[in-house]
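**Q** Sharing coords.pdb here; it has PDB, C-alpha atoms.
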```
ATOM      1  CA  MET A 126       0.000   0.000   0.000  1.00  0.00           C
ATOM      2  CA  ALA A 127       1.802   3.149  -1.205  1.00  0.00           C
ATOM      3  CA  THR A 128       1.597   6.088   1.178  1.00  0.00           C
ATOM      4  CA  SER A 129       3.053   9.579   1.431  1.00  0.00           C
ATOM      5  CA  ALA A 130       5.165  10.128   4.541  1.00  0.00           C
ATOM      6  CA  PRO A 131       3.848  12.739   6.961  1.00  0.00           C
ATOM      7  CA  SER A 132       5.776  16.006   7.143  1.00  0.00           C
ATOM      8  CA  ALA A 133       7.728  16.884  10.291  1.00  0.00           C
ATOM      9  CA  ALA A 134       5.135  19.533  11.163  1.00  0.00           C
ATOM     10  CA  SER A 135       2.224  17.110  11.039  1.00  0.00           C
ATOM     11  CA  ARG A 136       3.440  13.855  12.559  1.00  0.00           C
ATOM     12  CA  ILE A 137       1.074  13.803  15.533  1.00  0.00           C
ATOM     13  CA  ALA A 138      -2.191  11.873  15.154  1.00  0.00           C
ATOM     14  CA  VAL A 139      -4.903  11.965  17.828  1.00  0.00           C
ATOM     15  CA  VAL A 140      -7.205   8.931  17.827  1.00  0.00           C
ATOM     16  CA  THR A 141     -10.351   8.940  19.959  1.00  0.00           C
ATOM     17  CA  GLY A 142     -11.994   5.746  21.140  1.00  0.00           C
ATOM     18  CA  ALA A 143      -8.582   4.070  20.959  1.00  0.00           C
ATOM     19  CA  SER A 144      -9.153   1.530  23.723  1.00  0.00           C
ATOM     20  CA  SER A 145     -10.465  -1.201  21.399  1.00  0.00           C
ATOM     21  CA  GLY A 146     -11.774  -2.065  17.952  1.00  0.00           C
ATOM     22  CA  ILE A 147     -11.337   0.342  15.066  1.00  0.00           C
ATOM     23  CA  GLY A 148      -9.675   2.988  17.221  1.00  0.00           C
ATOM     24  CA  ALA A 149      -6.988   0.657  18.544  1.00  0.00           C
ATOM     25  CA  SER A 150      -6.303  -0.772  15.082  1.00  0.00           C
ATOM     26  CA  THR A 151      -6.115   2.714  13.576  1.00  0.00           C
ATOM     27  CA  ALA A 152      -3.611   3.796  16.229  1.00  0.00           C
ATOM     28  CA  ARG A 153      -1.395   0.807  15.429  1.00  0.00           C
ATOM     29  CA  GLN A 154      -1.508   1.419  11.684  1.00  0.00           C
ATOM     30  CA  LEU A 155      -0.940   5.180  11.874  1.00  0.00           C
ATOM     31  CA  ALA A 156       2.012   4.565  14.180  1.00  0.00           C
ATOM     32  CA  ALA A 157       3.439   2.094  11.666  1.00  0.00           C
ATOM     33  CA  ALA A 158       2.953   4.762   8.963  1.00  0.00           C
ATOM     34  CA  GLY A 159       5.202   7.164  10.859  1.00  0.00           C
ATOM     35  CA  TYR A 160       2.883   9.144  13.103  1.00  0.00           C
ATOM     36  CA  ARG A 161       3.307   9.711  16.816  1.00  0.00           C
ATOM     37  CA  VAL A 162      -0.121   8.644  17.982  1.00  0.00           C
ATOM     38  CA  VAL A 163      -1.977  10.075  20.945  1.00  0.00           C
ATOM     39  CA  LEU A 164      -4.458   7.524  22.241  1.00  0.00           C
ATOM     40  CA  THR A 165      -7.583   8.832  23.936  1.00  0.00           C
ATOM     41  CA  ALA A 166     -10.413   6.919  25.591  1.00  0.00           C
ATOM     42  CA  ARG A 167     -12.041   6.674  28.992  1.00  0.00           C
ATOM     43  CA  ARG A 168     -10.412   3.348  29.852  1.00  0.00           C
ATOM     44  CA  LYS A 169      -6.963   4.353  31.067  1.00  0.00           C
ATOM     45  CA  ASP A 170      -5.633   0.822  31.464  1.00  0.00           C
ATOM     46  CA  ARG A 171      -6.533  -0.136  27.884  1.00  0.00           C
ATOM     47  CA  ILE A 172      -4.861   2.818  26.191  1.00  0.00           C
ATOM     48  CA  GLU A 173      -1.793   2.636  28.412  1.00  0.00           C
ATOM     49  CA  ALA A 174      -1.355  -1.025  27.466  1.00  0.00           C
ATOM     50  CA  LEU A 175      -1.767  -0.162  23.788  1.00  0.00           C
ATOM     51  CA  ALA A 176       0.759   2.672  24.045  1.00  0.00           C
ATOM     52  CA  GLU A 177       3.250   0.246  25.585  1.00  0.00           C
ATOM     53  CA  GLU A 178       2.637  -2.218  22.760  1.00  0.00           C
ATOM     54  CA  ILE A 179       3.165   0.431  20.073  1.00  0.00           C
ATOM     55  CA  ASN A 180       6.289   1.807  21.722  1.00  0.00           C
ATOM     56  CA  ALA A 181       7.707  -1.705  22.146  1.00  0.00           C
ATOM     57  CA  ALA A 182       7.255  -2.205  18.395  1.00  0.00           C
ATOM     58  CA  GLY A 183       9.573   0.743  17.778  1.00  0.00           C
ATOM     59  CA  HIS A 184       6.922   3.354  17.077  1.00  0.00           C
ATOM     60  CA  ALA A 185       5.696   6.274  19.210  1.00  0.00           C
ATOM     61  CA  ALA A 186       2.512   6.484  21.253  1.00  0.00           C
ATOM     62  CA  THR A 187       1.169   8.364  24.251  1.00  0.00           C
ATOM     63  CA  ALA A 188      -1.956   7.534  26.261  1.00  0.00           C
ATOM     64  CA  TYR A 189      -4.283  10.289  27.472  1.00  0.00           C
ATOM     65  CA  PRO A 190      -7.473   9.281  29.322  1.00  0.00           C
ATOM     66  CA  LEU A 191     -10.314  11.434  28.000  1.00  0.00           C
ATOM     67  CA  ASP A 192     -14.104  11.555  27.852  1.00  0.00           C
ATOM     68  CA  VAL A 193     -14.900  13.260  24.538  1.00  0.00           C
ATOM     69  CA  THR A 194     -18.238  14.503  25.889  1.00  0.00           C
ATOM     70  CA  ASP A 195     -16.503  16.504  28.662  1.00  0.00           C
ATOM     71  CA  ARG A 196     -15.786  19.820  26.964  1.00  0.00           C
ATOM     72  CA  ALA A 197     -13.642  21.224  29.775  1.00  0.00           C
ATOM     73  CA  ALA A 198     -11.449  18.115  29.700  1.00  0.00           C
ATOM     74  CA  VAL A 199     -11.204  18.278  25.897  1.00  0.00           C
ATOM     75  CA  ASP A 200     -10.152  21.933  25.997  1.00  0.00           C
ATOM     76  CA  GLU A 201      -7.490  21.126  28.590  1.00  0.00           C
ATOM     77  CA  PHE A 202      -6.263  18.250  26.423  1.00  0.00           C
ATOM     78  CA  ALA A 203      -5.925  20.592  23.438  1.00  0.00           C
ATOM     79  CA  THR A 204      -3.519  22.871  25.321  1.00  0.00           C
ATOM     80  CA  ALA A 205      -0.869  20.152  25.107  1.00  0.00           C
ATOM     81  CA  PHE A 206      -0.381  20.800  21.377  1.00  0.00           C
ATOM     82  CA  GLN A 207       0.906  23.625  19.225  1.00  0.00           C
ATOM     83  CA  ALA A 208       0.137  21.689  16.062  1.00  0.00           C
ATOM     84  CA  ILE A 209      -1.171  18.255  15.114  1.00  0.00           C
ATOM     85  CA  GLY A 210      -1.466  16.559  11.757  1.00  0.00           C
ATOM     86  CA  VAL A 211      -4.410  14.197  12.137  1.00  0.00           C
ATOM     87  CA  LEU A 212      -7.543  13.927  14.241  1.00  0.00           C
ATOM     88  CA  VAL A 213      -9.429  10.640  13.960  1.00  0.00           C
ATOM     89  CA  ASN A 214     -12.891  11.090  15.478  1.00  0.00           C
ATOM     90  CA  ASN A 215     -13.661   7.447  16.161  1.00  0.00           C
ATOM     91  CA  ALA A 216     -15.323   7.486  19.594  1.00  0.00           C
ATOM     92  CA  GLY A 217     -18.983   6.550  19.312  1.00  0.00           C
ATOM     93  CA  GLY A 218     -21.161   3.474  19.373  1.00  0.00           C
ATOM     94  CA  ALA A 219     -24.718   2.203  19.425  1.00  0.00           C
ATOM     95  CA  LEU A 220     -27.116   1.446  22.266  1.00  0.00           C
ATOM     96  CA  GLY A 221     -30.223  -0.677  21.799  1.00  0.00           C
ATOM     97  CA  ALA A 222     -32.226  -1.752  18.767  1.00  0.00           C
ATOM     98  CA  ASP A 223     -35.713  -0.704  19.785  1.00  0.00           C
ATOM     99  CA  PRO A 224     -38.260   0.846  17.416  1.00  0.00           C
ATOM    100  CA  VAL A 225     -38.955   4.553  17.596  1.00  0.00           C
ATOM    101  CA  ALA A 226     -42.170   3.885  19.525  1.00  0.00           C
ATOM    102  CA  THR A 227     -40.351   2.335  22.477  1.00  0.00           C
ATOM    103  CA  GLY A 228     -36.768   3.564  22.177  1.00  0.00           C
ATOM    104  CA  ASP A 229     -35.108   4.790  25.373  1.00  0.00           C
ATOM    105  CA  PRO A 230     -34.537   8.576  25.213  1.00  0.00           C
ATOM    106  CA  ALA A 231     -31.539   8.156  27.521  1.00  0.00           C
ATOM    107  CA  ASP A 232     -29.900   5.824  24.981  1.00  0.00           C
ATOM    108  CA  TRP A 233     -30.627   8.267  22.170  1.00  0.00           C
ATOM    109  CA  ARG A 234     -29.130  11.112  24.190  1.00  0.00           C
ATOM    110  CA  THR A 235     -25.987   9.123  25.007  1.00  0.00           C
ATOM    111  CA  MET A 236     -25.485   8.149  21.364  1.00  0.00           C
ATOM    112  CA  TYR A 237     -25.902  11.739  20.219  1.00  0.00           C
ATOM    113  CA  GLU A 238     -23.553  13.055  22.889  1.00  0.00           C
ATOM    114  CA  THR A 239     -20.822  10.563  22.005  1.00  0.00           C
ATOM    115  CA  ASN A 240     -21.124  10.350  18.219  1.00  0.00           C
ATOM    116  CA  VAL A 241     -21.922  13.999  17.472  1.00  0.00           C
ATOM    117  CA  ILE A 242     -21.082  16.272  20.400  1.00  0.00           C
ATOM    118  CA  GLY A 243     -17.897  14.328  21.138  1.00  0.00           C
ATOM    119  CA  THR A 244     -16.815  14.767  17.522  1.00  0.00           C
ATOM    120  CA  LEU A 245     -17.746  18.442  17.670  1.00  0.00           C
ATOM    121  CA  ASN A 246     -15.786  18.957  20.904  1.00  0.00           C
ATOM    122  CA  LEU A 247     -12.546  17.450  19.598  1.00  0.00           C
ATOM    123  CA  THR A 248     -12.856  19.063  16.181  1.00  0.00           C
ATOM    124  CA  GLN A 249     -13.455  22.545  17.589  1.00  0.00           C
ATOM    125  CA  ALA A 250     -10.684  22.242  20.154  1.00  0.00           C
ATOM    126  CA  LEU A 251      -8.068  20.871  17.749  1.00  0.00           C
ATOM    127  CA  LEU A 252      -8.955  22.618  14.486  1.00  0.00           C
ATOM    128  CA  PRO A 253      -6.559  25.535  15.160  1.00  0.00           C
ATOM    129  CA  LYS A 254      -3.794  22.995  15.855  1.00  0.00           C
ATOM    130  CA  LEU A 255      -4.564  21.180  12.593  1.00  0.00           C
ATOM    131  CA  GLU A 256      -4.434  24.458  10.692  1.00  0.00           C
ATOM    132  CA  ALA A 257      -1.140  25.335  12.386  1.00  0.00           C
ATOM    133  CA  SER A 258       0.427  22.124  11.059  1.00  0.00           C
ATOM    134  CA  GLY A 259      -0.004  23.379   7.508  1.00  0.00           C
ATOM    135  CA  ASP A 260      -1.257  19.970   6.404  1.00  0.00           C
ATOM    136  CA  GLY A 261      -4.007  18.696   8.693  1.00  0.00           C
ATOM    137  CA  VAL A 262      -6.636  15.986   8.335  1.00  0.00           C
ATOM    138  CA  VAL A 263      -9.913  15.601  10.237  1.00  0.00           C
ATOM    139  CA  VAL A 264     -11.318  12.087   9.963  1.00  0.00           C
ATOM    140  CA  VAL A 265     -14.891  11.357  10.997  1.00  0.00           C
ATOM    141  CA  VAL A 266     -15.620   7.649  11.368  1.00  0.00           C
ATOM    142  CA  SER A 267     -19.343   7.509  10.725  1.00  0.00           C
ATOM    143  CA  SER A 268     -21.182   4.425   9.465  1.00  0.00           C
ATOM    144  CA  THR A 269     -23.334   3.247   6.612  1.00  0.00           C
ATOM    145  CA  ALA A 270     -26.040   4.148   9.152  1.00  0.00           C
ATOM    146  CA  ALA A 271     -25.118   7.750   8.397  1.00  0.00           C
ATOM    147  CA  HIS A 272     -26.476   7.326   4.886  1.00  0.00           C
ATOM    148  CA  ALA A 273     -29.423   4.910   5.113  1.00  0.00           C
ATOM    149  CA  THR A 274     -31.798   3.910   7.864  1.00  0.00           C
ATOM    150  CA  TYR A 275     -33.032   0.530   9.051  1.00  0.00           C
ATOM    151  CA  GLU A 276     -35.708  -0.731  11.430  1.00  0.00           C
ATOM    152  CA  GLY A 277     -34.670  -0.718  15.061  1.00  0.00           C
ATOM    153  CA  GLY A 278     -31.764   1.587  14.396  1.00  0.00           C
ATOM    154  CA  ALA A 279     -33.276   5.073  14.472  1.00  0.00           C
ATOM    155  CA  GLY A 280     -31.335   6.376  17.469  1.00  0.00           C
ATOM    156  CA  TYR A 281     -27.977   5.263  16.105  1.00  0.00           C
ATOM    157  CA  VAL A 282     -28.916   6.271  12.574  1.00  0.00           C
ATOM    158  CA  ALA A 283     -29.881   9.763  13.757  1.00  0.00           C
ATOM    159  CA  ALA A 284     -26.589  10.154  15.595  1.00  0.00           C
ATOM    160  CA  LYS A 285     -24.489   8.950  12.676  1.00  0.00           C
ATOM    161  CA  HIS A 286     -26.429  11.166  10.256  1.00  0.00           C
ATOM    162  CA  GLY A 287     -25.427  14.009  12.571  1.00  0.00           C
ATOM    163  CA  ALA A 288     -21.765  13.024  12.358  1.00  0.00           C
ATOM    164  CA  HIS A 289     -22.001  12.847   8.552  1.00  0.00           C
ATOM    165  CA  VAL A 290     -23.574  16.301   8.318  1.00  0.00           C
ATOM    166  CA  LEU A 291     -20.930  17.714  10.652  1.00  0.00           C
ATOM    167  CA  ALA A 292     -18.162  16.448   8.352  1.00  0.00           C
ATOM    168  CA  GLU A 293     -19.899  17.580   5.173  1.00  0.00           C
ATOM    169  CA  THR A 294     -20.574  21.063   6.526  1.00  0.00           C
ATOM    170  CA  LEU A 295     -17.084  21.494   7.988  1.00  0.00           C
ATOM    171  CA  ARG A 296     -15.575  20.673   4.602  1.00  0.00           C
ATOM    172  CA  LEU A 297     -17.582  23.493   3.029  1.00  0.00           C
ATOM    173  CA  GLU A 298     -16.750  25.954   5.776  1.00  0.00           C
ATOM    174  CA  ILE A 299     -12.964  25.498   5.830  1.00  0.00           C
ATOM    175  CA  VAL A 300     -12.277  25.035   2.130  1.00  0.00           C
ATOM    176  CA  GLY A 301      -9.121  26.956   1.328  1.00  0.00           C
ATOM    177  CA  SER A 302      -7.513  26.125   4.662  1.00  0.00           C
ATOM    178  CA  PRO A 303      -4.691  23.525   4.862  1.00  0.00           C
ATOM    179  CA  VAL A 304      -7.018  20.931   6.404  1.00  0.00           C
ATOM    180  CA  ARG A 305      -8.748  18.025   4.694  1.00  0.00           C
ATOM    181  CA  VAL A 306     -12.012  16.542   5.984  1.00  0.00           C
ATOM    182  CA  VAL A 307     -12.456  12.813   5.424  1.00  0.00           C
ATOM    183  CA  GLU A 308     -15.465  10.662   6.267  1.00  0.00           C
ATOM    184  CA  ILE A 309     -15.087   6.890   6.491  1.00  0.00           C
ATOM    185  CA  ALA A 310     -18.422   5.043   6.664  1.00  0.00           C
ATOM    186  CA  PRO A 311     -18.009   1.356   7.560  1.00  0.00           C
ATOM    187  CA  GLY A 312     -20.740  -1.211   7.143  1.00  0.00           C
ATOM    188  CA  MET A 313     -20.799  -4.476   9.100  1.00  0.00           C
ATOM    189  CA  VAL A 314     -17.646  -4.685  11.198  1.00  0.00           C
ATOM    190  CA  ARG A 315     -17.148  -7.475  13.699  1.00  0.00           C
ATOM    191  CA  THR A 316     -15.243  -6.181  16.708  1.00  0.00           C
ATOM    192  CA  GLU A 317     -15.067  -7.543  20.214  1.00  0.00           C
ATOM    193  CA  GLU A 318     -17.361  -4.918  21.729  1.00  0.00           C
ATOM    194  CA  PHE A 319     -19.655  -3.061  19.317  1.00  0.00           C
ATOM    195  CA  ALA A 320     -22.643  -5.429  19.195  1.00  0.00           C
ATOM    196  CA  LEU A 321     -22.083  -6.607  22.764  1.00  0.00           C
ATOM    197  CA  THR A 322     -22.306  -3.013  24.004  1.00  0.00           C
ATOM    198  CA  ARG A 323     -25.344  -2.341  21.828  1.00  0.00           C
ATOM    199  CA  PHE A 324     -27.240  -5.224  23.411  1.00  0.00           C
ATOM    200  CA  GLY A 325     -26.203  -4.513  26.983  1.00  0.00           C
ATOM    201  CA  GLY A 326     -23.774  -7.413  27.220  1.00  0.00           C
ATOM    202  CA  ASP A 327     -26.157 -10.023  25.795  1.00  0.00           C
ATOM    203  CA  ALA A 328     -23.714 -12.273  23.928  1.00  0.00           C
ATOM    204  CA  GLU A 329     -26.478 -14.267  22.226  1.00  0.00           C
ATOM    205  CA  LYS A 330     -28.082 -11.176  20.682  1.00  0.00           C
ATOM    206  CA  ALA A 331     -24.672  -9.832  19.689  1.00  0.00           C
ATOM    207  CA  ALA A 332     -23.771 -13.080  17.927  1.00  0.00           C
ATOM    208  CA  LYS A 333     -26.972 -12.981  15.865  1.00  0.00           C
ATOM    209  CA  VAL A 334     -25.830  -9.754  14.197  1.00  0.00           C
ATOM    210  CA  TYR A 335     -23.090 -11.682  12.403  1.00  0.00           C
ATOM    211  CA  ALA A 336     -24.796 -15.090  12.140  1.00  0.00           C
ATOM    212  CA  GLY A 337     -24.104 -16.727   8.780  1.00  0.00           C
ATOM    213  CA  VAL A 338     -21.957 -13.859   7.465  1.00  0.00           C
ATOM    214  CA  ALA A 339     -18.778 -15.545   6.301  1.00  0.00           C
ATOM    215  CA  GLU A 340     -16.491 -12.547   6.507  1.00  0.00           C
ATOM    216  CA  PRO A 341     -17.664  -9.318   8.118  1.00  0.00           C
ATOM    217  CA  LEU A 342     -15.159  -6.483   8.025  1.00  0.00           C
ATOM    218  CA  THR A 343     -12.518  -6.450  10.738  1.00  0.00           C
ATOM    219  CA  ALA A 344     -11.226  -3.482  12.698  1.00  0.00           C
ATOM    220  CA  ASP A 345      -7.980  -3.808  10.739  1.00  0.00           C
ATOM    221  CA  ASP A 346      -9.872  -3.512   7.435  1.00  0.00           C
ATOM    222  CA  VAL A 347     -11.345  -0.181   8.490  1.00  0.00           C
ATOM    223  CA  ALA A 348      -8.085   1.036  10.039  1.00  0.00           C
ATOM    224  CA  GLU A 349      -6.248   0.341   6.797  1.00  0.00           C
ATOM    225  CA  THR A 350      -8.864   2.362   4.930  1.00  0.00           C
ATOM    226  CA  ILE A 351      -8.477   5.274   7.363  1.00  0.00           C
ATOM    227  CA  THR A 352      -4.680   5.149   7.115  1.00  0.00           C
ATOM    228  CA  TRP A 353      -4.824   5.050   3.316  1.00  0.00           C
ATOM    229  CA  ALA A 354      -7.095   8.121   3.215  1.00  0.00           C
ATOM    230  CA  VAL A 355      -4.943  10.064   5.675  1.00  0.00           C
ATOM    231  CA  THR A 356      -1.707   9.322   3.834  1.00  0.00           C
ATOM    232  CA  ARG A 357      -2.839  10.461   0.391  1.00  0.00           C
ATOM    233  CA  PRO A 358      -0.909  13.466  -0.943  1.00  0.00           C
ATOM    234  CA  SER A 359      -2.051  16.664   0.758  1.00  0.00           C
ATOM    235  CA  HIS A 360      -3.945  17.887  -2.327  1.00  0.00           C
ATOM    236  CA  VAL A 361      -6.052  14.692  -2.416  1.00  0.00           C
ATOM    237  CA  ASN A 362      -9.180  14.647  -0.222  1.00  0.00           C
ATOM    238  CA  ILE A 363     -11.218  11.483   0.221  1.00  0.00           C
ATOM    239  CA  ASP A 364     -14.547  13.168   0.961  1.00  0.00           C
ATOM    240  CA  LEU A 365     -16.484   9.997   1.696  1.00  0.00           C
ATOM    241  CA  LEU A 366     -15.496   6.353   1.547  1.00  0.00           C
ATOM    242  CA  VAL A 367     -18.129   3.685   2.211  1.00  0.00           C
ATOM    243  CA  VAL A 368     -16.645   0.277   2.990  1.00  0.00           C
ATOM    244  CA  ARG A 369     -18.682  -2.898   3.461  1.00  0.00           C
ATOM    245  CA  PRO A 370     -17.985  -6.631   3.448  1.00  0.00           C
ATOM    246  CA  ARG A 371     -18.758  -8.317   0.140  1.00  0.00           C
ATOM    247  CA  ALA A 372     -21.695 -10.084   1.784  1.00  0.00           C
ATOM    248  CA  GLN A 373     -23.447  -6.803   2.594  1.00  0.00           C
ATOM    249  CA  ALA A 374     -25.138  -4.949  -0.236  1.00  0.00           C
ATOM    250  CA  SER A 375     -26.962  -2.490   2.033  1.00  0.00           C
ATOM    251  CA  ASN A 376     -27.822  -2.052   5.702  1.00  0.00           C
ATOM    252  CA  ALA A 377     -30.768  -4.405   5.242  1.00  0.00           C
ATOM    253  CA  LYS A 378     -29.475  -6.701   2.448  1.00  0.00           C
ATOM    254  CA  ILE A 379     -26.958  -9.172   3.836  1.00  0.00           C
ATOM    255  CA  HIS A 380     -26.052 -12.601   2.491  1.00  0.00           C
ATOM    256  CA  ARG A 381     -26.098 -15.164   5.274  1.00  0.00           C
ATOM    257  CA  GLU A 382     -25.072 -18.794   4.870  1.00  0.00           C
ATOM    258  CA  LEU A 383     -27.442 -20.384   7.393  1.00  0.00           C
TER
END
```
Using structure tokens, write down the structure from this file.
**A**
Amino acid sequence: MATSAPSAASRIAVVTGASSGIGASTARQLAAAGYRVVLTARRKDRIEALAEEINAAGHAATAYPLDVTDRAAVDEFATAFQAIGVLVNNAGGALGADPVATGDPADWRTMYETNVIGTLNLTQALLPKLEASGDGVVVVVSSTAAHATYEGGAGYVAAKHGAHVLAETLRLEIVGSPVRVVEIAPGMVRTEEFALTRFGGDAEKAAKVYAGVAEPLTADDVAETITWAVTRPSHVNIDLLVVRPRAQASNAKIHREL
């Protein structure tokens, strides 16, 4: 996979939600591509262990415990940088699969706060640092749910539509600045926690999401896509990249070998 090496002024990459799944894989791959990665998540032990792993592999990583929905904490975090090259807004997730008629407003609120307000907080706080690098990239990891709805998914779909609109609008507003805005929209990705968290720890329900699907995407598949987009030449912007497993034609059309 050919990549362009990051410039000295833009070698720092901040990855949110880096404690597991896509975030952790993205941190590993950006580090291997030459970035000093800053790992953020609420679970301090997870990101510290990942930072140790990356450093032991000969790359550079720092762990910084952070709740992206805490604006004061995000603003304090931003003071640590004069310039950064990459912000990967990956923190997010889904809660529940209830219909609109019975969905839990608390779950909806949490999803919106994490997927949209968290992305807004980090982007606002770090945008001046990205501009200062002279070659910055904002990545928003949305979902195919950001572009099409499905039954039982309205709360998550609404939140991811919000993240998509944030990215699309930001790109319009900062055109002409030295910052690219990239949206990566994954389809079905099997990670250790996404479906389990969505169904409140119910392993049986989580397993049904992937039942009969021979090869869902992996976290590494998505991380490679993110790293490829980030490492394009600075004049090349990947506005939106939708990535699904071959077995998934749409959110609702999935080939299952049952």
**Q** Starting from the displayed file, determine the output of the PyMOL selection byres ((chain A and resi 202-214) around 7) and express the residue list as a PyMOL selection string.
**A** chain A and resi 135-141+198-201+215-216+244+250-251+254-255+257-258+260-266
**Q** Can you list what the PyMOL selection byres ((chain A and resi 364) around 8) grabs from this structure, as a short mmCIF file (atom, residue, chain, number, x, y, z; two decimals) with C-alpha atoms, keeping the file's coordinate frame?
**A**
```
data_model
loop_
_atom_site.label_atom_id
_atom_site.label_comp_id
_atom_site.auth_asym_id
_atom_site.auth_seq_id
_atom_site.Cartn_x
_atom_site.Cartn_y
_atom_site.Cartn_z
CA VAL A 306 -12.01 16.54 5.98
CA VAL A 307 -12.46 12.81 5.42
CA GLU A 308 -15.46 10.66 6.27
CA ASN A 362 -9.18 14.65 -0.22
CA ILE A 363 -11.22 11.48 0.22
CA LEU A 365 -16.48 10.00 1.70
CA LEU A 366 -15.50 6.35 1.55
#
```
**Q** Residues near Gly326 (chain A), anyone? I mean within 12 Å using all atoms listed in the file, not counting same-chain ones fewer than 6 positions away, as a VMD selection string.
**A** chain A and resid 220 to 221 317 to 320 332
**Q** What is the distance, in Å and to one decimal place, between CA of Arg305 (chain A) and CA of Gln249 (chain A)?
**A**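 Interatomic distance here is 14.5 Å.
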**Q** Here is a test: counting all atoms listed in the file, which residue of A:Ala143, A:Val367, A:Ala328, A:Ala231 is nearest to Asp170 (chain A)?
**A**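 Ranked by minimum distance to Asp170 (chain A), first place goes to A:Ala143.
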**Q** Mind working out the centre and edge lengths of an axis-aligned box for region 194-203 of chain A, all listed atoms inside, 3 Å added to each side, rounded to one decimal in Å and written as JSON?
**A**
```
{"center_x": -12.1, "center_y": 18.2, "center_z": 26.6, "size_x": 18.3, "size_y": 13.4, "size_z": 12.3}
```
**Q** Please indicate the distance in Å from CA of Tyr189 (chain A) to CA of Ala166 (chain A), rounded to one decimal place.
**A** 7.2 Å
**Q** With all atoms listed in the file as the atoms that count, which of A:Val334, A:Asn376, A:Pro341, A:Arg153 lies nearest to Leu321 (chain A)?
**A**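 Using all atoms listed in the file, the shortest distance to Leu321 (chain A) belongs to A:Val334.
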**Q** Please determine the residues with any atom at most 12 Å from (-29.2, 8.2, 26.0) (coordinates as given in the file, with all atoms listed in the file counting) and report them as an MDAnalysis selection string.
**A** chainID A and resid 218:221 228:240 280:281 284 323
**Q** Out of A:Ala270, A:Gln373, A:Ile172, A:Gly301, which residue has the shortest atom-to-atom distance to His286 (chain A) when counting all atoms listed in the file?
**A**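 Closest candidate: A:Ala270.
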**Q** Take the point (-24.0, 12.4, 12.2) in the file's coordinates, draw a sphere of radius 9 Å around it, and report as a PyMOL selection string every protein, DNA or RNA residue with an atom inside or on it, counting all atoms listed in the file.
**A** chain A and resi 237+240-241+267-268+271+282-292
**Q** Please determine, counting only C-alpha atoms, which residue among A:Val314, A:Ala188, A:Ala156, A:Ile299 has the shortest atom-to-atom distance to Arg371 (chain A).
**A**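 Between A:Val314, A:Ala188, A:Ala156, A:Ile299, the residue approaching Arg371 (chain A) most closely is A:Val314.
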**Q** I need the residue nearest Arg168 (chain A) from this list: A:Gly325, A:Gly259, A:Pro190, A:Pro311. Use all atoms listed in the file for the distance.
**A**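 For Arg168 (chain A), the nearest of the candidates is A:Pro190.
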**Q** Would you mind reading off the distance between CA of His184 (chain A) and CA of Leu245 (chain A), one decimal, in Å?
**A** 28.9 Å
**Q** Can you translate the PyMOL selection byres ((chain A and resi 336-340) around 12) into the concrete residues it hits in this file, as a compact mmCIF listing (two decimals) with C-alpha atoms, keeping the file's coordinate frame?
**A**
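Saved as result-v3.txt:
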```
# COMPACT_ATOMS: atom_id res chain seq x y z
CA MET A 313 -20.80 -4.48 9.10
CA VAL A 314 -17.65 -4.68 11.20
CA ARG A 315 -17.15 -7.48 13.70
CA GLU A 329 -26.48 -14.27 22.23
CA LYS A 330 -28.08 -11.18 20.68
CA ALA A 331 -24.67 -9.83 19.69
CA ALA A 332 -23.77 -13.08 17.93
CA LYS A 333 -26.97 -12.98 15.86
CA VAL A 334 -25.83 -9.75 14.20
CA TYR A 335 -23.09 -11.68 12.40
CA PRO A 341 -17.66 -9.32 8.12
CA LEU A 342 -15.16 -6.48 8.02
CA THR A 343 -12.52 -6.45 10.74
CA ASP A 346 -9.87 -3.51 7.44
CA ARG A 369 -18.68 -2.90 3.46
CA PRO A 370 -17.98 -6.63 3.45
CA ARG A 371 -18.76 -8.32 0.14
CA ALA A 372 -21.70 -10.08 1.78
CA GLN A 373 -23.45 -6.80 2.59
CA LYS A 378 -29.48 -6.70 2.45
CA ILE A 379 -26.96 -9.17 3.84
CA HIS A 380 -26.05 -12.60 2.49
CA ARG A 381 -26.10 -15.16 5.27
CA GLU A 382 -25.07 -18.79 4.87
CA LEU A 383 -27.44 -20.38 7.39
```
**Q** A:Val193, A:Ile309, A:Ala185, A:Val225: which is nearest Ala157 (chain A), counting only C-alpha atoms?
**A**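 Ranking A:Val193, A:Ile309, A:Ala185, A:Val225 by distance to Ala157 (chain A), first place goes to A:Ala185.
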